[in-house]
>>> print(open('model.cif').read())   # mmCIF, C-alpha atoms
data_model
#
loop_
_atom_site.label_atom_id
_atom_site.label_comp_id
_atom_site.auth_asym_id
_atom_site.auth_seq_id
_atom_site.Cartn_x
_atom_site.Cartn_y
_atom_site.Cartn_z
CA MET A 1 -95.83 18.85 50.88
CA ALA A 2 -92.90 17.13 52.48
CA GLY A 3 -93.05 13.40 52.02
CA THR A 4 -90.71 10.49 51.94
CA LYS A 5 -88.55 9.98 48.92
CA SER A 6 -89.93 7.36 46.53
CA THR A 7 -87.84 4.40 45.45
CA LYS A 8 -86.49 4.04 41.95
CA ILE A 9 -89.07 1.34 41.19
CA GLU A 10 -91.90 3.52 42.48
CA THR A 11 -90.69 6.42 40.34
CA GLU A 12 -90.60 4.17 37.26
CA LYS A 13 -94.16 3.02 37.99
CA ARG A 14 -95.29 6.62 38.30
CA VAL A 15 -93.57 7.59 35.04
CA PHE A 16 -95.21 4.62 33.30
CA THR A 17 -98.62 5.70 34.62
CA ILE A 18 -98.00 9.26 33.44
CA GLN A 19 -97.04 7.98 29.98
CA GLY A 20 -100.38 6.18 29.88
CA TRP A 21 -102.13 9.46 30.62
CA ILE A 22 -100.14 11.17 27.87
CA ILE A 23 -101.09 8.45 25.37
CA ASN A 24 -104.75 8.78 26.37
CA GLY A 25 -104.58 12.46 25.42
CA ILE A 26 -105.00 13.96 28.88
CA GLN A 27 -103.82 17.56 28.93
CA ASP A 28 -100.61 18.38 30.77
CA TYR A 29 -102.20 20.62 33.40
CA LEU A 30 -104.66 17.84 34.30
CA ILE A 31 -101.81 15.35 34.47
CA LEU A 32 -99.94 17.67 36.85
CA LYS A 33 -103.07 17.95 39.01
CA ASN A 34 -103.50 14.15 39.01
CA ILE A 35 -99.87 13.65 40.02
CA GLU A 36 -100.20 16.07 42.91
CA GLN A 37 -103.44 14.47 44.16
CA GLU A 38 -102.56 10.82 43.59
CA TRP A 39 -99.03 10.79 45.00
CA GLY A 40 -99.08 13.83 47.28
CA VAL A 41 -96.14 15.61 45.68
CA GLY A 42 -95.62 19.28 45.03
CA ARG A 43 -95.92 21.15 41.76
CA ARG A 44 -92.16 21.14 41.13
CA GLN A 45 -91.88 17.37 41.59
CA SER A 46 -94.97 16.77 39.45
CA LYS A 47 -93.42 18.82 36.64
CA ASN A 48 -90.20 16.81 36.97
CA LEU A 49 -92.14 13.53 36.71
CA LEU A 50 -94.05 14.76 33.65
CA GLN A 51 -90.84 15.91 31.99
CA LYS A 52 -89.18 12.55 32.73
CA ALA A 53 -92.18 10.70 31.25
CA TYR A 54 -91.95 12.72 28.02
CA GLN A 55 -88.17 12.30 27.84
CA ILE A 56 -88.26 8.50 28.30
CA TRP A 57 -91.15 8.17 25.86
CA HIS A 58 -89.25 10.20 23.25
CA GLU A 59 -86.12 8.06 23.69
CA ASP A 60 -88.19 4.89 23.33
CA GLN A 61 -89.79 6.19 20.12
CA GLU A 62 -86.40 7.02 18.60
CA ALA A 63 -85.05 3.59 19.48
CA THR A 64 -88.11 1.98 17.97
CA ILE A 65 -87.64 3.81 14.67
CA GLU A 66 -83.98 2.80 14.54
CA GLN A 67 -84.93 -0.80 15.33
CA LYS A 68 -87.58 -0.78 12.59
CA ARG A 69 -85.06 0.63 10.11
CA ALA A 70 -82.46 -2.02 11.00
CA LEU A 71 -85.07 -4.77 10.79
CA ARG A 72 -86.22 -3.59 7.35
CA ILE A 73 -82.64 -3.46 6.07
CA ALA A 74 -82.01 -6.99 7.34
CA GLU A 75 -85.23 -8.15 5.67
CA LEU A 76 -84.22 -6.61 2.33
CA LYS A 77 -80.76 -8.19 2.50
CA GLN A 78 -82.39 -11.53 3.20
CA ASN A 79 -84.55 -11.07 0.08
CA ILE A 80 -81.37 -10.71 -1.98
CA ARG A 81 -79.80 -13.82 -0.40
CA SER A 82 -82.94 -15.90 -0.83
CA MET A 83 -83.38 -15.12 -4.54
CA LYS A 84 -84.03 -18.27 -6.54
CA GLU A 85 -80.99 -19.60 -8.36
CA GLN A 86 -82.74 -19.39 -11.74
CA TYR A 87 -82.95 -15.56 -11.43
CA ARG A 88 -79.40 -14.90 -10.20
CA GLY A 89 -77.29 -13.21 -12.87
CA THR A 90 -80.23 -12.66 -15.22
CA PRO A 91 -81.30 -9.14 -16.21
CA GLN A 92 -84.53 -9.45 -14.21
CA GLY A 93 -82.66 -10.75 -11.17
CA MET A 94 -80.08 -7.97 -11.38
CA ASN A 95 -82.87 -5.40 -11.73
CA ALA A 96 -84.56 -6.77 -8.60
CA VAL A 97 -81.26 -6.69 -6.68
CA ASN A 98 -80.63 -3.08 -7.78
CA GLN A 99 -84.12 -2.02 -6.66
CA ILE A 100 -83.57 -3.66 -3.27
CA GLN A 101 -80.13 -2.02 -2.96
CA LYS A 102 -81.69 1.38 -3.71
CA GLU A 103 -84.22 0.87 -0.95
CA ILE A 104 -81.46 -0.15 1.48
CA ASN A 105 -79.45 2.95 0.52
CA LYS A 106 -82.48 5.18 1.16
CA LEU A 107 -83.01 3.61 4.58
CA GLU A 108 -79.34 4.06 5.44
CA GLY A 109 -79.47 7.71 4.33
CA ILE A 110 -76.73 7.37 1.73
CA TYR A 111 -78.40 9.60 -0.87
CA PRO A 112 -78.13 13.37 -0.37
CA ALA A 113 -81.23 15.53 -0.08
CA ARG A 114 -82.86 16.24 -3.44
CA GLN A 115 -81.99 19.63 -4.88
CA ILE A 116 -83.55 21.66 -7.66
CA VAL A 117 -81.18 24.07 -9.39
CA VAL A 118 -82.75 27.03 -11.18
CA GLN A 119 -80.80 29.45 -13.35
CA GLY A 120 -81.77 32.96 -12.37
CA ASP A 121 -81.02 36.45 -13.60
CA SER A 122 -77.56 36.48 -12.06
CA ASP A 123 -74.53 34.28 -12.63
CA LYS A 124 -75.18 32.37 -9.43
CA PRO A 125 -77.78 29.55 -9.70
CA LEU A 126 -80.59 29.31 -7.14
CA VAL A 127 -80.61 25.99 -5.26
CA ILE A 128 -83.92 24.82 -3.79
CA THR A 129 -83.72 21.86 -1.41
CA ASN A 130 -87.31 21.20 -0.36
CA PRO A 131 -90.88 21.54 -1.66
CA GLU A 132 -91.77 24.34 0.77
CA GLU A 133 -88.87 26.43 -0.46
CA ARG A 134 -89.93 25.74 -4.05
CA GLU A 135 -93.51 26.85 -3.37
CA ALA A 136 -92.30 30.01 -1.63
CA ARG A 137 -90.07 30.84 -4.60
CA ILE A 138 -92.94 30.32 -7.06
CA ALA A 139 -95.23 32.53 -4.96
CA ALA A 140 -92.58 35.26 -4.86
CA LEU A 141 -92.10 35.11 -8.63
CA LEU A 142 -95.85 35.24 -9.24
CA ALA A 143 -96.19 38.25 -6.93
CA LYS A 144 -93.35 39.95 -8.77
CA ALA A 145 -94.90 39.18 -12.17
CA LEU A 146 -98.34 40.47 -11.17
CA LYS A 147 -97.00 43.89 -10.06
#
>>> encode(input="model.cif", output="structure tokens")
Amino acid sequence: MAGTKSTKIETEKRVFTIQGWIINGIQDYLILKNIEQEWGVGRRQSKNLLQKAYQIWHEDQEATIEQKRALRIAELKQNIRSMKEQYRGTPQGMNAVNQIQKEINKLEGIYPARQIVVQGDSDKPLVITNPEEREARIAALLAKALK
């Protein structure tokens, strides 16, 4: 299907429409069929448009998460600055500031991933970094014990 090349604005409109279809839960093969019928493009071009829609949507989502994180950090810092004068320097005020600072540090990713260290049979300790790994280790030990 040889057609004229669409403008940049027309391509953006098409990508936006495709993103709407994605959000509405329409399956990819139906989206490809709709693209081909609605705009008279070939299968290769329809796949390119679908891929571009996913890529732009993914980039927008990542930016949104980063924006939300930055906004939350700014909000927490404002809470510290707007603390009433009567609480500044008191134990309760310092506790509140420390709790807010902890939350900011978590959002900024300052803390390392949580690790569980287990002493095993050998000299080398076993380090478990996530719950799935922990559950797998427990299952393996139970299987070994039941033999």
>>> atom_distance(input="model.cif", atom1="atom CA of Val41 of chain A", atom2="atom CA of Asp60 of chain A")
26.0 Å
>>> residues_around(input="model.cif", residues="Lys5 of chain A", least_positions_apart="6", cutoff="12 Å", atoms="only C-alpha atoms", output="CSV table (one decimal) with C-alpha atoms, keeping the file's coordinate frame")
chain,number,residue,atom,x,y,z
A,11,THR,CA,-90.7,6.4,40.3
A,39,TRP,CA,-99.0,10.8,45.0
A,40,GLY,CA,-99.1,13.8,47.3
A,41,VAL,CA,-96.1,15.6,45.7
A,45,GLN,CA,-91.9,17.4,41.6
>>> closest_residue(input="model.cif", among="A:Gln99, A:Val15, A:Leu50, A:Arg43", to="Gln27 of chain A", atoms="all atoms listed in the file")
A:Leu50
>>> resolve_selection(input="model.cif", expression="the PyMOL selection byres ((chain A and resi 104) around 12)", output="VMD selection string")
chain A and resid 69 to 80 97 to 103 105 to 111
>>> atom_distance(input="model.cif", atom1="atom CA of Asn130 of chain A", atom2="atom CA of Pro112 of chain A")
12.1 Å
>>> resolve_selection(input="model.cif", expression="the PyMOL selection byres ((chain A and resi 31) around 10)", output="list in words")
Ile18, Gln19, Trp21, Ile22, Gly25, Ile26, Gln27, Asp28, Tyr29, Leu30, Leu32, Lys33, Asn34, Ile35, Glu36, Gln37, Ser46, Lys47 and Leu50 of chain A
>>> atom_distance(input="model.cif", atom1="atom CA of Arg44 of chain A", atom2="atom CA of Glu62 of chain A")
27.2 Å
>>> axis_aligned_box(input="model.cif", around="segment 40-58 of chain A", padding_each_side="5 Å", output="AutoDock Vina command-line options")
--center_x -93.6 --center_y 14.7 --center_z 35.3 --size_x 20.9 --size_y 23.0 --size_z 34.0
>>> closest_residue(input="model.cif", among="A:Lys84, A:Lys147, A:Lys13, A:Lys68", to="Leu49 of chain A", atoms="all atoms listed in the file")
A:Lys13
>>> build_atoms(input="model.cif", residues="segment 76-87 of chain A", atoms="all heavy atoms", output="CSV table (one decimal), in the coordinates of the input")
chain,number,residue,atom,x,y,z
A,76,LEU,N,-84.5,-6.8,3.7
A,76,LEU,CA,-84.2,-6.6,2.3
A,76,LEU,C,-83.0,-7.4,1.9
A,76,LEU,O,-82.9,-8.0,0.8
A,76,LEU,CB,-84.0,-5.1,2.1
A,76,LEU,CG,-85.3,-4.3,2.1
A,76,LEU,CD1,-85.0,-2.8,2.1
A,76,LEU,CD2,-86.2,-4.6,1.0
A,77,LYS,N,-82.0,-7.4,2.8
A,77,LYS,CA,-80.8,-8.2,2.5
A,77,LYS,C,-81.1,-9.7,2.4
A,77,LYS,O,-80.5,-10.4,1.6
A,77,LYS,CB,-79.7,-7.9,3.6
A,77,LYS,CG,-79.1,-6.5,3.4
A,77,LYS,CD,-78.0,-6.3,4.5
A,77,LYS,CE,-77.4,-4.9,4.3
A,77,LYS,NZ,-76.4,-4.6,5.3
A,78,GLN,N,-82.0,-10.1,3.3
A,78,GLN,CA,-82.4,-11.5,3.2
A,78,GLN,C,-83.1,-11.8,1.9
A,78,GLN,O,-82.9,-12.9,1.3
A,78,GLN,CB,-83.3,-11.9,4.4
A,78,GLN,CG,-83.8,-13.3,4.4
A,78,GLN,CD,-82.6,-14.3,4.5
A,78,GLN,OE1,-81.6,-14.1,5.1
A,78,GLN,NE2,-82.8,-15.4,3.8
A,79,ASN,N,-83.9,-10.9,1.4
A,79,ASN,CA,-84.6,-11.1,0.1
A,79,ASN,C,-83.5,-11.3,-1.0
A,79,ASN,O,-83.7,-12.1,-1.9
A,79,ASN,CB,-85.4,-9.9,-0.3
A,79,ASN,CG,-86.7,-9.8,0.6
A,79,ASN,OD1,-87.1,-10.8,1.2
A,79,ASN,ND2,-87.4,-8.7,0.6
A,80,ILE,N,-82.4,-10.5,-1.0
A,80,ILE,CA,-81.4,-10.7,-2.0
A,80,ILE,C,-80.8,-12.1,-1.8
A,80,ILE,O,-80.6,-12.8,-2.8
A,80,ILE,CB,-80.3,-9.6,-1.8
A,80,ILE,CG1,-80.9,-8.3,-2.2
A,80,ILE,CG2,-79.1,-9.9,-2.7
A,80,ILE,CD1,-79.9,-7.1,-1.9
A,81,ARG,N,-80.4,-12.5,-0.6
A,81,ARG,CA,-79.8,-13.8,-0.4
A,81,ARG,C,-80.7,-15.0,-0.8
A,81,ARG,O,-80.3,-16.0,-1.2
A,81,ARG,CB,-79.4,-14.0,1.1
A,81,ARG,CG,-78.1,-13.1,1.4
A,81,ARG,CD,-77.6,-13.5,2.8
A,81,ARG,NE,-78.5,-13.2,3.9
A,81,ARG,CZ,-78.6,-12.1,4.5
A,81,ARG,NH1,-77.8,-11.1,4.2
A,81,ARG,NH2,-79.5,-11.9,5.5
A,82,SER,N,-82.0,-14.8,-0.6
A,82,SER,CA,-82.9,-15.9,-0.8
A,82,SER,C,-83.5,-15.9,-2.3
A,82,SER,O,-84.4,-16.7,-2.5
A,82,SER,CB,-84.1,-15.9,0.2
A,82,SER,OG,-84.9,-14.7,0.0
A,83,MET,N,-82.9,-15.1,-3.2
A,83,MET,CA,-83.4,-15.1,-4.5
A,83,MET,C,-83.2,-16.5,-5.2
A,83,MET,O,-82.1,-17.1,-4.9
A,83,MET,CB,-82.6,-14.1,-5.4
A,83,MET,CG,-83.1,-14.0,-6.8
A,83,MET,SD,-82.1,-12.8,-7.7
A,83,MET,CE,-82.7,-11.3,-7.1
A,84,LYS,N,-84.1,-16.9,-5.9
A,84,LYS,CA,-84.0,-18.3,-6.5
A,84,LYS,C,-82.8,-18.3,-7.5
A,84,LYS,O,-82.5,-17.3,-8.1
A,84,LYS,CB,-85.3,-18.6,-7.3
A,84,LYS,CG,-86.5,-18.8,-6.4
A,84,LYS,CD,-87.7,-19.3,-7.3
A,84,LYS,CE,-88.9,-19.5,-6.4
A,84,LYS,NZ,-90.1,-19.9,-7.1
A,85,GLU,N,-82.2,-19.4,-7.5
A,85,GLU,CA,-81.0,-19.6,-8.4
A,85,GLU,C,-81.2,-19.3,-9.8
A,85,GLU,O,-80.4,-18.8,-10.5
A,85,GLU,CB,-80.5,-21.0,-8.2
A,85,GLU,CG,-79.0,-21.2,-8.7
A,85,GLU,CD,-78.0,-20.4,-7.9
A,85,GLU,OE1,-78.1,-20.2,-6.7
A,85,GLU,OE2,-77.2,-19.8,-8.6
A,86,GLN,N,-82.4,-19.6,-10.3
A,86,GLN,CA,-82.7,-19.4,-11.7
A,86,GLN,C,-82.8,-17.9,-12.1
A,86,GLN,O,-82.6,-17.6,-13.3
A,86,GLN,CB,-84.1,-20.0,-12.1
A,86,GLN,CG,-85.3,-19.4,-11.5
A,86,GLN,CD,-86.6,-20.2,-11.7
A,86,GLN,OE1,-86.5,-21.4,-11.6
A,86,GLN,NE2,-87.7,-19.5,-11.9
A,87,TYR,N,-82.9,-17.0,-11.1
A,87,TYR,CA,-83.0,-15.6,-11.4
A,87,TYR,C,-81.6,-14.9,-11.2
A,87,TYR,O,-81.4,-13.8,-11.7
A,87,TYR,CB,-84.0,-14.9,-10.6
A,87,TYR,CG,-85.4,-15.3,-10.9
A,87,TYR,CD1,-86.2,-16.0,-10.0
A,87,TYR,CD2,-86.0,-15.1,-12.2
A,87,TYR,CE1,-87.4,-16.5,-10.3
A,87,TYR,CE2,-87.3,-15.5,-12.5
A,87,TYR,CZ,-88.0,-16.2,-11.5
A,87,TYR,OH,-89.2,-16.6,-11.8
